[in-house]
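Text of the file target.csv, holding CSV, C-alpha atoms:
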chain,number,residue,atom,x,y,z
A,7,MET,CA,22.6,14.0,-14.7
A,8,LYS,CA,18.9,14.7,-15.5
A,9,THR,CA,17.0,17.3,-13.7
A,10,VAL,CA,13.9,16.6,-11.6
A,11,PHE,CA,11.7,17.9,-14.4
A,12,GLU,CA,13.3,15.6,-16.9
A,13,LEU,CA,13.0,12.6,-14.6
A,14,SER,CA,9.3,13.4,-13.9
A,15,SER,CA,8.7,13.7,-17.7
A,16,ASP,CA,10.4,10.3,-18.3
A,17,ILE,CA,8.3,8.7,-15.5
A,18,THR,CA,5.1,10.2,-16.9
A,19,THR,CA,5.9,9.0,-20.4
A,20,ILE,CA,6.7,5.4,-19.2
A,21,LEU,CA,3.6,5.5,-17.0
A,22,CYS,CA,1.4,6.2,-19.9
A,23,VAL,CA,3.0,3.5,-22.0
A,24,GLU,CA,2.5,1.0,-19.1
A,25,ALA,CA,-1.1,2.0,-18.8
A,26,LEU,CA,-1.6,1.3,-22.5
A,27,LYS,CA,0.0,-2.1,-22.1
A,28,VAL,CA,-2.6,-3.2,-19.4
A,29,LYS,CA,-5.5,-1.7,-21.2
A,30,ARG,CA,-6.6,-5.0,-22.6
A,31,SER,CA,-5.2,-7.2,-19.9
A,32,PRO,CA,-7.0,-8.8,-16.9
A,33,VAL,CA,-5.5,-6.1,-14.6
A,34,LEU,CA,-8.4,-3.7,-15.1
A,35,MET,CA,-10.9,-6.4,-14.6
A,36,MET,CA,-9.3,-7.4,-11.3
A,37,VAL,CA,-9.2,-3.8,-10.1
A,38,VAL,CA,-13.0,-3.8,-10.3
A,39,ALA,CA,-13.9,-7.4,-9.8
A,40,LEU,CA,-12.2,-8.1,-6.5
A,41,PRO,CA,-13.9,-5.2,-4.6
A,42,PHE,CA,-17.2,-6.1,-6.3
A,43,LEU,CA,-16.9,-9.7,-5.0
A,44,VAL,CA,-16.2,-8.4,-1.4
A,45,ILE,CA,-19.4,-6.3,-1.5
A,46,ILE,CA,-21.5,-9.1,-3.1
A,47,PHE,CA,-20.4,-11.5,-0.3
A,48,SER,CA,-21.1,-8.9,2.4
A,49,LEU,CA,-24.4,-8.0,0.9
A,50,GLY,CA,-25.4,-11.7,0.7
A,51,LEU,CA,-24.6,-12.2,4.3
A,52,ALA,CA,-26.6,-9.2,5.4
A,53,LEU,CA,-29.7,-10.2,3.3
A,54,LYS,CA,-29.5,-13.8,4.6
A,55,SER,CA,-28.7,-13.3,8.3
A,56,ALA,CA,-30.4,-10.1,9.5
A,57,ASP,CA,-33.7,-8.3,9.6
A,58,LEU,CA,-32.7,-5.2,7.6
A,59,SER,CA,-35.7,-3.2,9.0
A,60,LEU,CA,-33.9,-3.3,12.3
A,61,TYR,CA,-30.7,-1.8,11.0
A,62,ASN,CA,-29.5,1.2,13.0
A,63,SER,CA,-26.2,3.1,13.1
A,64,ASN,CA,-24.5,0.3,15.0
A,65,GLN,CA,-25.5,-2.3,12.5
A,66,TRP,CA,-24.4,-0.1,9.6
A,67,THR,CA,-21.1,0.6,11.2
A,68,SER,CA,-20.6,-3.1,11.8
A,69,TRP,CA,-21.4,-3.9,8.2
A,70,TRP,CA,-18.9,-1.4,6.8
A,71,ALA,CA,-16.3,-2.7,9.3
A,72,ASN,CA,-16.9,-6.2,8.1
A,73,VAL,CA,-16.4,-5.0,4.5
A,74,ASN,CA,-13.2,-3.4,5.5
A,75,ALA,CA,-11.9,-6.4,7.4
A,76,LEU,CA,-12.7,-8.8,4.5
A,77,TRP,CA,-10.8,-6.4,2.2
A,78,CYS,CA,-7.7,-6.0,4.4
A,79,TYR,CA,-7.6,-9.6,5.5
A,80,PHE,CA,-7.9,-11.3,2.1
A,81,MET,CA,-8.7,-9.4,-1.0
A,82,MET,CA,-6.2,-6.5,-0.8
A,83,PRO,CA,-3.1,-8.6,-0.4
A,84,LEU,CA,-4.2,-10.8,-3.2
A,85,LEU,CA,-5.0,-7.8,-5.3
A,86,VAL,CA,-1.5,-6.4,-4.8
A,87,ALA,CA,0.1,-9.7,-5.7
A,88,LEU,CA,-2.1,-10.0,-8.9
A,89,ILE,CA,-1.6,-6.4,-10.0
A,90,THR,CA,2.2,-6.3,-9.6
A,91,GLY,CA,2.5,-9.8,-11.1
A,92,ALA,CA,0.4,-8.9,-14.1
A,93,ILE,CA,2.2,-5.6,-14.8
A,94,ASN,CA,5.7,-7.1,-14.7
A,95,GLY,CA,4.5,-10.3,-16.2
A,96,ASN,CA,3.8,-8.6,-19.4
A,97,GLU,CA,7.5,-8.2,-20.0
A,98,HIS,CA,8.4,-11.7,-18.8
A,99,LYS,CA,5.7,-13.3,-21.0
A,100,ASN,CA,6.4,-11.4,-24.1
A,101,HIS,CA,10.2,-11.3,-23.6
A,102,THR,CA,10.3,-7.6,-24.0
A,103,TRP,CA,12.7,-6.7,-21.3
A,104,ARG,CA,15.6,-6.4,-23.8
A,105,LEU,CA,13.6,-4.2,-26.0
A,106,MET,CA,12.7,-1.9,-23.0
A,107,LEU,CA,16.3,-1.8,-21.8
A,108,ALA,CA,17.4,-0.8,-25.3
A,109,LEU,CA,15.4,2.4,-25.0
A,110,PRO,CA,17.2,5.6,-23.9
A,111,VAL,CA,15.6,5.4,-20.4
A,112,ASN,CA,17.2,4.4,-17.2
A,113,LEU,CA,16.1,1.0,-15.8
A,114,THR,CA,15.2,2.7,-12.5
A,115,ILE,CA,12.6,4.8,-14.4
A,116,PHE,CA,10.9,1.6,-15.6
A,117,TYR,CA,10.9,0.2,-12.1
A,118,VAL,CA,9.4,3.3,-10.5
A,119,SER,CA,6.8,3.8,-13.2
A,120,LYS,CA,5.5,0.2,-12.9
A,121,LEU,CA,5.4,0.6,-9.1
A,122,PHE,CA,3.5,3.8,-9.3
A,123,LEU,CA,1.0,2.3,-11.8
A,124,SER,CA,0.4,-0.5,-9.3
A,125,LEU,CA,-0.2,2.0,-6.6
A,126,LEU,CA,-2.7,3.9,-8.7
A,127,PHE,CA,-4.6,0.6,-9.3
A,128,VAL,CA,-4.7,-0.1,-5.6
A,129,ILE,CA,-6.1,3.4,-4.9
A,130,VAL,CA,-8.8,3.0,-7.6
A,131,SER,CA,-9.7,-0.5,-6.4
A,132,THR,CA,-10.1,0.7,-2.8
A,133,PHE,CA,-12.4,3.6,-3.8
A,134,ALA,CA,-14.3,1.1,-6.0
A,135,LEU,CA,-14.9,-1.0,-2.8
A,136,TRP,CA,-16.4,2.1,-1.1
A,137,PHE,CA,-18.5,2.9,-4.2
A,138,PHE,CA,-19.9,-0.6,-4.6
A,139,GLY,CA,-20.6,-0.5,-0.9
A,140,LEU,CA,-22.8,2.5,-1.3
A,141,LEU,CA,-24.7,0.7,-4.1
A,142,ALA,CA,-25.2,-2.2,-1.8
A,143,THR,CA,-26.7,0.1,0.8
A,144,LEU,CA,-29.3,1.1,-1.8
A,145,ILE,CA,-30.2,-2.6,-2.4
A,146,MET,CA,-30.5,-3.1,1.3
A,147,TYR,CA,-32.8,-0.1,1.5
A,148,LEU,CA,-35.1,-1.9,-1.0
A,149,PHE,CA,-35.2,-4.8,1.4
A,150,GLY,CA,-36.3,-2.6,4.3
A,151,ALA,CA,-33.1,-1.1,5.8
A,152,LEU,CA,-32.9,2.5,6.8
A,153,PHE,CA,-31.0,4.2,4.1
A,154,ASP,CA,-28.3,6.6,5.1
A,155,VAL,CA,-25.1,6.9,3.0
A,156,SER,CA,-23.4,8.7,5.9
A,157,TYR,CA,-22.6,5.3,7.4
A,158,GLY,CA,-20.2,4.8,4.4
A,159,TYR,CA,-18.0,7.4,6.0
A,160,THR,CA,-16.5,4.6,8.2
A,161,LEU,CA,-14.7,3.1,5.2
A,162,LEU,CA,-14.2,6.4,3.3
A,163,VAL,CA,-12.0,7.9,6.1
A,164,ALA,CA,-10.1,4.6,6.3
A,165,ILE,CA,-9.1,4.6,2.7
A,166,PRO,CA,-5.9,6.8,3.1
A,167,LYS,CA,-4.8,4.6,6.0
A,168,ILE,CA,-5.4,1.4,4.0
A,169,VAL,CA,-3.5,2.7,1.0
A,170,ILE,CA,-0.5,3.9,3.0
A,171,ALA,CA,-0.4,0.7,5.0
A,172,SER,CA,-0.4,-1.3,1.8
A,173,LEU,CA,2.9,0.4,0.6
A,174,PRO,CA,5.3,-2.1,2.2
A,175,ILE,CA,3.7,-5.2,0.6
A,176,LEU,CA,3.3,-3.2,-2.7
A,177,VAL,CA,7.1,-2.7,-2.8
A,178,ILE,CA,7.8,-6.3,-1.8
A,179,GLN,CA,5.4,-7.8,-4.4
A,180,HIS,CA,6.6,-5.4,-7.1
A,181,PHE,CA,10.2,-6.4,-6.5
A,182,ILE,CA,9.4,-10.1,-6.4
A,183,SER,CA,7.4,-10.0,-9.6
A,184,TRP,CA,10.1,-7.9,-11.3
A,185,ARG,CA,12.8,-10.4,-10.5
A,186,LEU,CA,10.8,-13.7,-11.1
A,187,ASN,CA,10.0,-14.8,-14.6
A,188,SER,CA,6.9,-16.6,-13.4
A,189,MET,CA,3.8,-14.9,-11.9
A,190,ILE,CA,3.2,-18.0,-9.9
A,191,GLY,CA,6.0,-17.2,-7.5
A,192,ALA,CA,4.8,-13.7,-6.7
A,193,LEU,CA,1.2,-14.9,-6.3
A,194,ALA,CA,2.4,-17.7,-4.0
A,195,VAL,CA,4.0,-15.2,-1.7
A,196,GLY,CA,0.8,-13.2,-1.6
A,197,VAL,CA,-1.4,-16.2,-0.9
A,198,VAL,CA,0.9,-17.6,1.9
A,199,ALA,CA,1.2,-14.1,3.5
A,200,THR,CA,-2.6,-13.7,3.4
A,201,MET,CA,-3.0,-16.9,5.3
A,202,GLY,CA,-0.5,-15.6,7.9
A,203,ILE,CA,-2.6,-12.4,8.6
A,204,VAL,CA,-5.3,-14.4,10.5
A,205,GLN,CA,-2.7,-15.7,13.0
A,206,ILE,CA,-0.3,-12.8,13.1
A,207,GLY,CA,-2.5,-9.8,12.4
A,208,SER,CA,-4.2,-9.9,15.7
A,209,SER,CA,-1.2,-10.8,17.8
A,210,GLU,CA,1.5,-8.7,19.4
A,211,TYR,CA,3.9,-9.7,16.5
A,212,TRP,CA,1.9,-7.8,13.9
A,213,VAL,CA,4.7,-5.2,13.7
A,214,TYR,CA,7.0,-7.8,12.1
A,215,PHE,CA,4.4,-8.7,9.4
A,216,PRO,CA,3.8,-5.9,6.9
A,217,TRP,CA,0.7,-7.7,5.5
A,218,SER,CA,-1.1,-7.0,8.8
A,219,TYR,CA,-0.5,-3.2,8.7
A,220,MET,CA,-3.6,-2.5,6.7
A,221,LEU,CA,-5.8,-4.2,9.2
A,222,MET,CA,-4.2,-2.4,12.2
A,223,ALA,CA,-4.1,1.0,10.5
A,224,SER,CA,-7.8,0.9,9.6
A,225,MET,CA,-9.5,-1.2,12.3
A,226,SER,CA,-7.5,-1.1,15.5
A,227,THR,CA,-9.6,0.1,18.4
A,228,SER,CA,-6.6,2.1,19.6
A,229,VAL,CA,-5.9,5.4,17.8
A,230,ALA,CA,-2.3,5.2,18.9
A,231,LEU,CA,-1.9,1.7,17.3
A,232,GLN,CA,-3.6,3.0,14.1
A,233,GLU,CA,-1.1,5.9,13.9
A,234,LYS,CA,1.8,3.5,14.7
A,235,ALA,CA,0.7,1.2,11.8
A,236,VAL,CA,0.5,4.1,9.4
A,237,TRP,CA,3.9,5.6,10.3
A,238,LEU,CA,5.5,2.2,10.5
A,239,SER,CA,4.2,1.3,7.0
A,240,LEU,CA,5.5,4.6,5.6
A,241,PHE,CA,9.0,4.1,7.1
A,242,ILE,CA,9.3,0.5,6.1
A,243,ALA,CA,8.0,1.2,2.6
A,244,ILE,CA,10.6,3.9,2.1
A,245,VAL,CA,13.4,1.7,3.4
A,246,LEU,CA,12.4,-1.2,1.2
A,247,PHE,CA,12.0,1.1,-1.8
A,248,VAL,CA,15.5,2.6,-1.4
A,249,PHE,CA,17.1,-0.9,-1.1
A,250,SER,CA,15.2,-2.2,-4.1
A,251,LEU,CA,16.2,0.8,-6.1
A,252,LYS,CA,19.8,0.3,-5.1
A,253,PHE,CA,19.6,-3.3,-6.2
A,254,ILE,CA,18.0,-2.3,-9.5
A,255,SER,CA,20.5,0.5,-10.2
A,256,GLN,CA,23.5,-1.9,-9.7
A,257,GLY,CA,22.5,-3.5,-12.9
A,258,LYS,CA,20.4,-6.4,-11.6
A,259,ARG,CA,18.1,-6.8,-14.6
A,260,ALA,CA,14.6,-8.2,-14.5
A,261,GLY,CA,14.1,-11.7,-15.7
Rewritten as structure tokens:
Amino acid sequence: MKTVFELSSDITTILCVEALKVKRSPVLMMVVALPFLVIIFSLGLALKSADLSLYNSNQWTSWWANVNALWCYFMMPLLVALITGAINGNEHKNHTWRLMLALPVNLTIFYVSKLFLSLLFVIVSTFALWFFGLLATLIMYLFGALFDVSYGYTLLVAIPKIVIASLPILVIQHFISWRLNSMIGALAVGVVATMGIVQIGSSEYWVYFPWSYMLMASMSTSVALQEKAVWLSLFIAIVLFVFSLKFISQGKRAG
């Protein structure tokens, strides 16, 4: 039985190896490109449909809220599906699962390390969204808007909630992409689920649909509902993670 320190060392080592694998893959580009596209779209709408010289605190808050909504509704679920699919797809595509499993490292370590790497990319991408949003406010300032970066605080404080609320779908997509040889299946789940957010995310049934948790945790007008979404996300993510680990540890190999 390995100690906690030895397990942590193994995970760190595998995590570094996995990071090197994706160094020249499309993953890094997606982590930056998707939040950039959200900001470009939001910036284009602002430049086209509003007199920026009339922007005040309400308009800025609304702009950042729209950025957040677009991210939680569409791009974040797709990002999670793409990242997890790409990270596990490396092994499926190159047929390297047997090589990895021949190494003196438990299969669970590989599973946890890949999941943790996906989480890191989600965090980086969400902060990239906020950073690109600040750059967009500078451009809007050049077109006459009152410049005040403090309005970006709306999204900044929502980032921890968004990340925590993304954990259930992160575990789901990671497990699916781990088990399926083709990335298409994992991506299809992400696309179909994203379409369901529009109908279910704003209804009373949002609690049964993990893809809607990010929206509720960061944008609900009720503080109680935001807290409920965060804690529910954390609980469900832990349950799903434990069950997926149990499945993996029983010898259910990827691919």
Two-atom distance - atom CA of Ser59 of chain A, atom CA of Phe138 of chain A (Å): 21.0 Å
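If you measure from each of A:Val198, A:Ile178, A:Ser208, A:Phe80 to Ile244 of chain A using all atoms listed in the file, the closest one turns out to be A:Ile178.
Proximity ranking of A:Ser31, A:Ser183, A:Thr160, A:Thr114 relative to Trp66 of chain A places A:Thr160 first, based on only C-alpha atoms.
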Pick from A:Leu135, A:Val73, A:Ala142, A:Val177 nearest to Leu123 of chain A, counting all atoms listed in the file: A:Val177
Distance in Å - atom CA of Leu240 of chain A versus atom CA of Lys167 of chain A: 10.3 Å
